[in-house]
Number of protein chains: 2
Amino acid sequence: MISIREVAKLAGVSPSTVSRVINGTAKVDEEKKKRVLKVIEETDFKPNQVARSLFKKSSSIIGLILPNTNNPFFTEIIKYIEDEAYKQNYKILISYSDNNPKKEKENLDMLISMNADGIILLTSCENIKNELKNIPIPVVIIDRSLDYSNNLTQLACDHYKGAKLATEHLVECGCKNIVNMKGPMEFSSARLRYKGYIDVCQKMSLDIMTIDCDYDYDSGIRSTEKLLKKYPEVDGIVASNDIVAIAVYKVLAHKGIDVPEKVMIVGFDNISFASVFTPEITTIEQPMEKMGRKAVNSIIDFKKNKTTGESYIFDVKLIQRQTTFFKEGV
Amino acid sequence: MISIREVAKLAGVSPSTVSRVINGTAKVDEEKKKRVLKVIEETDFKPNQVARSLFKKSSSIIGLILPNTNNPFFTEIIKYIEDEAYKQNYKILISYSDNNPKKEKENLDMLISMNADGIILLTSCENIKNELKNIPIPVVIIDRSLDYSNNLTQLACDHYKGAKLATEHLVECGCKNIVNMKGPMEFSSARLRYKGYIDVCQKMSLDIMTIDCDYDYDSGIRSTEKLLKKYPEVDGIVASNDIVAIAVYKVLAHKGIDVPEKVMIVGFDNISFASVFTPEITTIEQPMEKMGRKAVNSIIDFKKNKTTGESYIFDVKLIQRQTTFFKEGV
DNA sequence: CTGAAAGCGCTTACAG
DNA sequence: CTGAAAGCGCTTACAG
């Protein structure tokens, strides 16, 4: 690989001048500039980013740590994050933590030691709080809220409202026995959604019926089996998310329970698969694109302004499809 | 951020010694070693990878360039690639080319200038051939074959056999009018599968019926509409891939055409969604895990042995599910 | 406008 | 076994 030194020699100028031409950091004699540009063109010279990073203490890399690839929500949001980063001349380095705190810490350390400019965290682990405390670069957490902040920005959709919308929708459709699939209580998303469900039930004087469930397909299968045993009268289900909603449907269909005639289902997220699945899933849409782009821009803003951590809540909306319908006479 | 120099000072040794302790590159007096380790522990020192990369001319990063996030095949294989890389102490930097040659070239250049140790390419663009010609790092191409090789390794599944298995299976199920959804002919995968289909048709004296189709959902919808007009007698479809198979099903279901009773469908890839969809999709399985891990190891081997480009074909198999069945009396 | 110098934080011959 | 020195390829005060 050719270096800036050789380009300088070929163009008959100093390395400093070549650097100035490349970066436009100072005026350079037109004549020399042309010569340099010509040599760069001819030699196909690419400045070594590693050397540049070492000096600048910035790599133009934003790290993205994901828990796994099981949930399309994660993979779909990547697209927007990557696109926004590309527009802003940043690169995305993705790693997976497998919900393993050790691996998560390793990934964090790796990104720091690579001079990453920031980290976007979509994580299920709450036990990285301490790791995050004195991290030297800005961190954006999507969809989880931790109880302190410094260089931390938190983005999440309005989970409370989402659960309310879902539950109210089932009520409007004519459901009387609505079961809430309650996510792990260590997640703020699950706590807020649970509260949304409870509040609607109380307002409407409905029985509160819940079943514990994680955010993945397998857990959805298991929880649905339990749900049907515990609440055979169920006629509406607020699922943990779309993947779980699909699992719920699979179990119901397998048992010959008609959806939506006998039991209605509302998911959460609006992953693209929700509208492709048969039946198409009624769900609560999270504004993934907005959230993804905001995550990238928070990090860039942080670098510019050194603003302190903030918290953003994104609006959600109900999208009705084929797993719910308005019953006759309601 | 603390540097190796300060660690050295605190431990009362030279930076060289600290480096030797960290990397285990030479024997160090036990006493000193302990002191260094203690200081590292206390200061939470992390060696700067950028500086290390600059010297080593290797960043332990493998770049992964994907065309888009539309096809779960791409996102599912990421998991295996990342996992294998993690085991081997490499990191994966992911970027998307949007099937845009300009962006693809930029990503390639970026990875080179970052001292990436190799690149894994899952691309739809054939027009990067030239870019690849004098690339200074090893490249692994998954699922496309180009017509030359040097530092290039090519991995692909046995597309020919896959298409044969799919077509033969439909014949065995009792289909008489089998339509092949023919992928873009610039892709070797599409050419090979087309040949597999043709060969079975000829052997079985079946009419050859094809319709052009890309590898994404929207294209699947459009092509299916055309297919039904052109071949109303169709009773079996070899779809471009699982996503397209799902699109085919959607259109058929919408028109009230029963699957598999009236028309049978076989997909390709065996993405995890194929077994979750209703009905579950009969498909040809690509060994994604093997391919993903091999891709990573090819790059590492290349660095070790400077082997020249090779080509690997992975075996496929048919997985029968609910979109095909053996008709009575066949 | 421009070049020589110093330095970003590491690692590895080299000499002892 | 160990330290001083040089260097990886850039960039930016500094002096002119």
# chains A, B, ... in the order shown; residues from 1 in each chain; ligands from 1
>>> residues_around(residues="A:Ile313", least_positions_apart="6", cutoff="6 Å", atoms="only C-alpha atoms (C1' of nucleotides)", output="PyMOL selection string")
chain A and resi 156-158
>>> interface_residues(of="chain A", to="chain B", cutoff="6 Å", atoms="only C-alpha atoms", output="list in words")
Asn48, Gln49, Val50, Leu54, Leu93, Ile94, Ser113, Met114 and Thr278 of chain A
>>> interface_residues(of="chain A", to="chain C", cutoff="8 Å", atoms="only C-alpha atoms (C1' of nucleotides)", output="short mmCIF file (atom, residue, chain, number, x, y, z; two decimals) with N, CA and C atoms, in the first residue's frame")
data_model
loop_
_atom_site.label_atom_id
_atom_site.label_comp_id
_atom_site.auth_asym_id
_atom_site.auth_seq_id
_atom_site.Cartn_x
_atom_site.Cartn_y
_atom_site.Cartn_z
N SER A 14 5.74 18.22 0.01
CA SER A 14 5.94 17.54 1.29
C SER A 14 4.68 16.78 1.68
N SER A 16 3.03 17.05 4.31
CA SER A 16 2.08 18.01 4.89
C SER A 16 1.16 18.57 3.82
N THR A 17 1.75 18.90 2.70
CA THR A 17 0.96 19.48 1.62
C THR A 17 -0.06 18.48 1.08
N LYS A 27 -5.03 26.39 2.54
CA LYS A 27 -4.87 26.72 1.14
C LYS A 27 -3.57 26.15 0.60
N VAL A 28 -3.67 25.63 -0.60
CA VAL A 28 -2.49 25.06 -1.25
C VAL A 28 -2.42 25.66 -2.65
N ASP A 29 -1.24 25.99 -3.06
CA ASP A 29 -1.01 26.52 -4.41
C ASP A 29 -1.72 25.65 -5.45
N LEU A 54 -5.53 7.28 14.83
CA LEU A 54 -4.59 7.33 15.95
C LEU A 54 -4.32 8.78 16.33
N PHE A 55 -4.17 9.60 15.35
CA PHE A 55 -3.92 11.01 15.62
C PHE A 55 -5.17 11.72 16.11
N LYS A 56 -6.26 11.47 15.40
CA LYS A 56 -7.51 12.21 15.68
C LYS A 56 -8.23 11.71 16.93
N LYS A 57 -7.89 10.55 17.37
CA LYS A 57 -8.60 9.92 18.48
C LYS A 57 -10.09 9.79 18.16
#
>>> select_by_dssp(residues="stretch 74-301 of chain B", states="strand (DSSP E)", output="ChimeraX atom specification")
/B:91-96,118-121,139-142,152-157,178-182,209-212,236-238,264-266,283-285
>>> residues_around(residues="A:Ile135", least_positions_apart="6", cutoff="10 Å", atoms="only C-alpha atoms (C1' of nucleotides)", output="list of chain:residue names")
A:Leu108, A:Asp109, A:Ile112, A:Gly118, A:Asn150, A:Asn151, A:Leu152
>>> select_by_dssp(residues="stretch 57-227 of chain B", states="helix (DSSP H, G or I)", output="ChimeraX atom specification")
/B:72-87,101-113,129-133,159-173,188-204,217-227
>>> residues_around(residues="A:Glu84", least_positions_apart="5", cutoff="8 Å", atoms="only C-alpha atoms (C1' of nucleotides)", output="tab-separated table (two decimals) with N, CA and C atoms, in the first residue's frame")
chain	number	residue	atom	x	y	z
A	292	GLY	N	-33.92	4.78	14.85
A	292	GLY	CA	-32.59	4.43	14.35
A	292	GLY	C	-31.80	5.67	13.96
A	293	ARG	N	-32.46	6.56	13.24
A	293	ARG	CA	-31.75	7.77	12.79
A	293	ARG	C	-31.40	8.66	13.97
A	296	VAL	N	-28.21	7.55	15.84
A	296	VAL	CA	-26.96	7.96	15.20
A	296	VAL	C	-26.72	9.45	15.43
>>> atom_distance(atom1="atom CA of A:Phe187", atom2="atom CA of A:Ser145")
7.8 Å
>>> decode(residues="chain C", atoms="N, CA and C atoms (P, O5', C5', C4', C3', O3' and C1' of nucleotides)", output="PDB file, in the first residue's frame")
ATOM      1  P    DC C   1      -2.995  30.967  -0.206  1.00  0.00           P
ATOM      2  O5'  DC C   1      -1.654  30.153  -0.154  1.00  0.00           O
ATOM      3  C5'  DC C   1      -1.040  29.702  -1.351  1.00  0.00           C
ATOM      4  C4'  DC C   1       0.368  29.368  -1.010  1.00  0.00           C
ATOM      5  C3'  DC C   1       0.595  27.869  -0.754  1.00  0.00           C
ATOM      6  O3'  DC C   1       1.692  27.453  -1.571  1.00  0.00           O
ATOM      7  C1'  DC C   1       1.498  29.154   1.027  1.00  0.00           C
ATOM      8  P    DT C   2       2.078  25.963  -1.707  1.00  0.00           P
ATOM      9  O5'  DT C   2       3.095  25.814  -0.505  1.00  0.00           O
ATOM     10  C5'  DT C   2       4.468  26.149  -0.692  1.00  0.00           C
ATOM     11  C4'  DT C   2       5.246  25.617   0.478  1.00  0.00           C
ATOM     12  C3'  DT C   2       5.061  24.118   0.716  1.00  0.00           C
ATOM     13  O3'  DT C   2       6.339  23.541   0.795  1.00  0.00           O
ATOM     14  C1'  DT C   2       4.804  25.301   2.721  1.00  0.00           C
ATOM     15  P    DG C   3       6.524  22.008   0.304  1.00  0.00           P
ATOM     16  O5'  DG C   3       7.704  21.602   1.272  1.00  0.00           O
ATOM     17  C5'  DG C   3       8.805  22.494   1.418  1.00  0.00           C
ATOM     18  C4'  DG C   3       9.359  22.378   2.810  1.00  0.00           C
ATOM     19  C3'  DG C   3       9.545  20.940   3.287  1.00  0.00           C
ATOM     20  O3'  DG C   3      10.810  20.837   3.910  1.00  0.00           O
ATOM     21  C1'  DG C   3       8.217  22.142   4.853  1.00  0.00           C
ATOM     22  P    DA C   4      11.455  19.458   4.294  1.00  0.00           P
ATOM     23  O5'  DA C   4      11.847  19.708   5.820  1.00  0.00           O
ATOM     24  C5'  DA C   4      12.111  21.023   6.288  1.00  0.00           C
ATOM     25  C4'  DA C   4      12.322  20.995   7.785  1.00  0.00           C
ATOM     26  C3'  DA C   4      12.796  19.672   8.357  1.00  0.00           C
ATOM     27  O3'  DA C   4      13.444  19.947   9.587  1.00  0.00           O
ATOM     28  C1'  DA C   4      10.574  20.033   9.026  1.00  0.00           C
ATOM     29  P    DA C   5      13.827  18.744  10.582  1.00  0.00           P
ATOM     30  O5'  DA C   5      12.621  18.781  11.642  1.00  0.00           O
ATOM     31  C5'  DA C   5      12.286  20.009  12.278  1.00  0.00           C
ATOM     32  C4'  DA C   5      11.309  19.751  13.418  1.00  0.00           C
ATOM     33  C3'  DA C   5      11.596  18.463  14.199  1.00  0.00           C
ATOM     34  O3'  DA C   5      11.340  18.714  15.572  1.00  0.00           O
ATOM     35  C1'  DA C   5       9.410  18.378  13.311  1.00  0.00           C
ATOM     36  P    DA C   6      11.709  17.630  16.666  1.00  0.00           P
ATOM     37  O5'  DA C   6      10.308  17.420  17.402  1.00  0.00           O
ATOM     38  C5'  DA C   6       9.389  18.524  17.492  1.00  0.00           C
ATOM     39  C4'  DA C   6       8.029  17.974  17.852  1.00  0.00           C
ATOM     40  C3'  DA C   6       8.088  16.729  18.741  1.00  0.00           C
ATOM     41  O3'  DA C   6       7.053  16.831  19.709  1.00  0.00           O
ATOM     42  C1'  DA C   6       6.877  16.247  16.790  1.00  0.00           C
ATOM     43  P    DG C   7       6.993  15.797  20.907  1.00  0.00           P
ATOM     44  O5'  DG C   7       5.632  15.068  20.609  1.00  0.00           O
ATOM     45  C5'  DG C   7       4.484  15.843  20.240  1.00  0.00           C
ATOM     46  C4'  DG C   7       3.422  14.890  19.772  1.00  0.00           C
ATOM     47  C3'  DG C   7       3.433  13.559  20.543  1.00  0.00           C
ATOM     48  O3'  DG C   7       2.111  13.203  20.884  1.00  0.00           O
ATOM     49  C1'  DG C   7       3.538  13.146  18.245  1.00  0.00           C
ATOM     50  P    DC C   8       1.862  12.227  22.088  1.00  0.00           P
ATOM     51  O5'  DC C   8       0.507  11.520  21.659  1.00  0.00           O
ATOM     52  C5'  DC C   8      -0.560  12.234  21.043  1.00  0.00           C
ATOM     53  C4'  DC C   8      -1.334  11.260  20.195  1.00  0.00           C
ATOM     54  C3'  DC C   8      -1.225   9.829  20.713  1.00  0.00           C
ATOM     55  O3'  DC C   8      -2.340   9.568  21.568  1.00  0.00           O
ATOM     56  C1'  DC C   8      -0.879   9.943  18.312  1.00  0.00           C
ATOM     57  P    DG C   9      -2.094   9.088  23.074  1.00  0.00           P
ATOM     58  O5'  DG C   9      -1.759   7.548  22.908  1.00  0.00           O
ATOM     59  C5'  DG C   9      -2.729   6.704  22.317  1.00  0.00           C
ATOM     60  C4'  DG C   9      -2.070   5.386  22.016  1.00  0.00           C
ATOM     61  C3'  DG C   9      -1.376   4.731  23.207  1.00  0.00           C
ATOM     62  O3'  DG C   9      -1.848   3.404  23.289  1.00  0.00           O
ATOM     63  C1'  DG C   9       0.052   4.784  21.341  1.00  0.00           C
ATOM     64  P    DC C  10      -1.465   2.376  24.366  1.00  0.00           P
ATOM     65  O5'  DC C  10      -1.336   1.131  23.399  1.00  0.00           O
ATOM     66  C5'  DC C  10      -0.132   0.440  23.303  1.00  0.00           C
ATOM     67  C4'  DC C  10       0.104   0.091  21.857  1.00  0.00           C
ATOM     68  C3'  DC C  10       1.160  -0.981  21.707  1.00  0.00           C
ATOM     69  O3'  DC C  10       0.505  -2.224  21.473  1.00  0.00           O
ATOM     70  C1'  DC C  10       1.650   0.905  20.303  1.00  0.00           C
ATOM     71  P    DT C  11       1.295  -3.555  21.806  1.00  0.00           P
ATOM     72  O5'  DT C  11       2.436  -3.579  20.686  1.00  0.00           O
ATOM     73  C5'  DT C  11       2.089  -3.828  19.342  1.00  0.00           C
ATOM     74  C4'  DT C  11       3.373  -3.971  18.549  1.00  0.00           C
ATOM     75  C3'  DT C  11       4.266  -5.106  19.036  1.00  0.00           C
ATOM     76  O3'  DT C  11       4.665  -5.832  17.893  1.00  0.00           O
ATOM     77  C1'  DT C  11       5.491  -3.072  19.003  1.00  0.00           C
ATOM     78  P    DT C  12       5.231  -7.304  18.038  1.00  0.00           P
ATOM     79  O5'  DT C  12       6.720  -7.118  17.507  1.00  0.00           O
ATOM     80  C5'  DT C  12       6.932  -6.386  16.313  1.00  0.00           C
ATOM     81  C4'  DT C  12       8.373  -5.962  16.256  1.00  0.00           C
ATOM     82  C3'  DT C  12       9.370  -7.029  16.703  1.00  0.00           C
ATOM     83  O3'  DT C  12      10.503  -6.923  15.851  1.00  0.00           O
ATOM     84  C1'  DT C  12       9.740  -5.082  17.911  1.00  0.00           C
ATOM     85  P    DA C  13      11.013  -8.226  15.147  1.00  0.00           P
ATOM     86  O5'  DA C  13      12.437  -8.427  15.806  1.00  0.00           O
ATOM     87  C5'  DA C  13      13.559  -8.494  14.982  1.00  0.00           C
ATOM     88  C4'  DA C  13      14.110  -7.115  14.668  1.00  0.00           C
ATOM     89  C3'  DA C  13      15.622  -7.040  14.930  1.00  0.00           C
ATOM     90  O3'  DA C  13      16.244  -6.190  13.987  1.00  0.00           O
ATOM     91  C1'  DA C  13      14.471  -5.572  16.412  1.00  0.00           C
ATOM     92  P    DC C  14      17.837  -6.359  13.862  1.00  0.00           P
ATOM     93  O5'  DC C  14      18.367  -5.591  15.158  1.00  0.00           O
ATOM     94  C5'  DC C  14      18.217  -4.171  15.239  1.00  0.00           C
ATOM     95  C4'  DC C  14      18.909  -3.690  16.488  1.00  0.00           C
ATOM     96  C3'  DC C  14      20.163  -4.504  16.860  1.00  0.00           C
ATOM     97  O3'  DC C  14      21.274  -3.632  16.898  1.00  0.00           O
ATOM     98  C1'  DC C  14      18.741  -4.184  18.748  1.00  0.00           C
ATOM     99  P    DA C  15      22.746  -4.271  17.084  1.00  0.00           P
ATOM    100  O5'  DA C  15      23.080  -3.767  18.554  1.00  0.00           O
ATOM    101  C5'  DA C  15      22.659  -2.482  18.982  1.00  0.00           C
ATOM    102  C4'  DA C  15      22.797  -2.406  20.484  1.00  0.00           C
ATOM    103  C3'  DA C  15      24.066  -3.069  21.026  1.00  0.00           C
ATOM    104  O3'  DA C  15      24.638  -2.224  22.010  1.00  0.00           O
ATOM    105  C1'  DA C  15      22.163  -3.989  22.084  1.00  0.00           C
ATOM    106  P    DG C  16      26.047  -2.578  22.658  1.00  0.00           P
ATOM    107  O5'  DG C  16      25.638  -3.149  24.099  1.00  0.00           O
ATOM    108  C5'  DG C  16      25.015  -2.266  25.025  1.00  0.00           C
ATOM    109  C4'  DG C  16      24.339  -3.091  26.088  1.00  0.00           C
ATOM    110  C3'  DG C  16      25.307  -3.901  26.962  1.00  0.00           C
ATOM    111  O3'  DG C  16      25.311  -3.350  28.267  1.00  0.00           O
ATOM    112  C1'  DG C  16      23.295  -5.074  26.442  1.00  0.00           C
TER     113       DG C  16
END
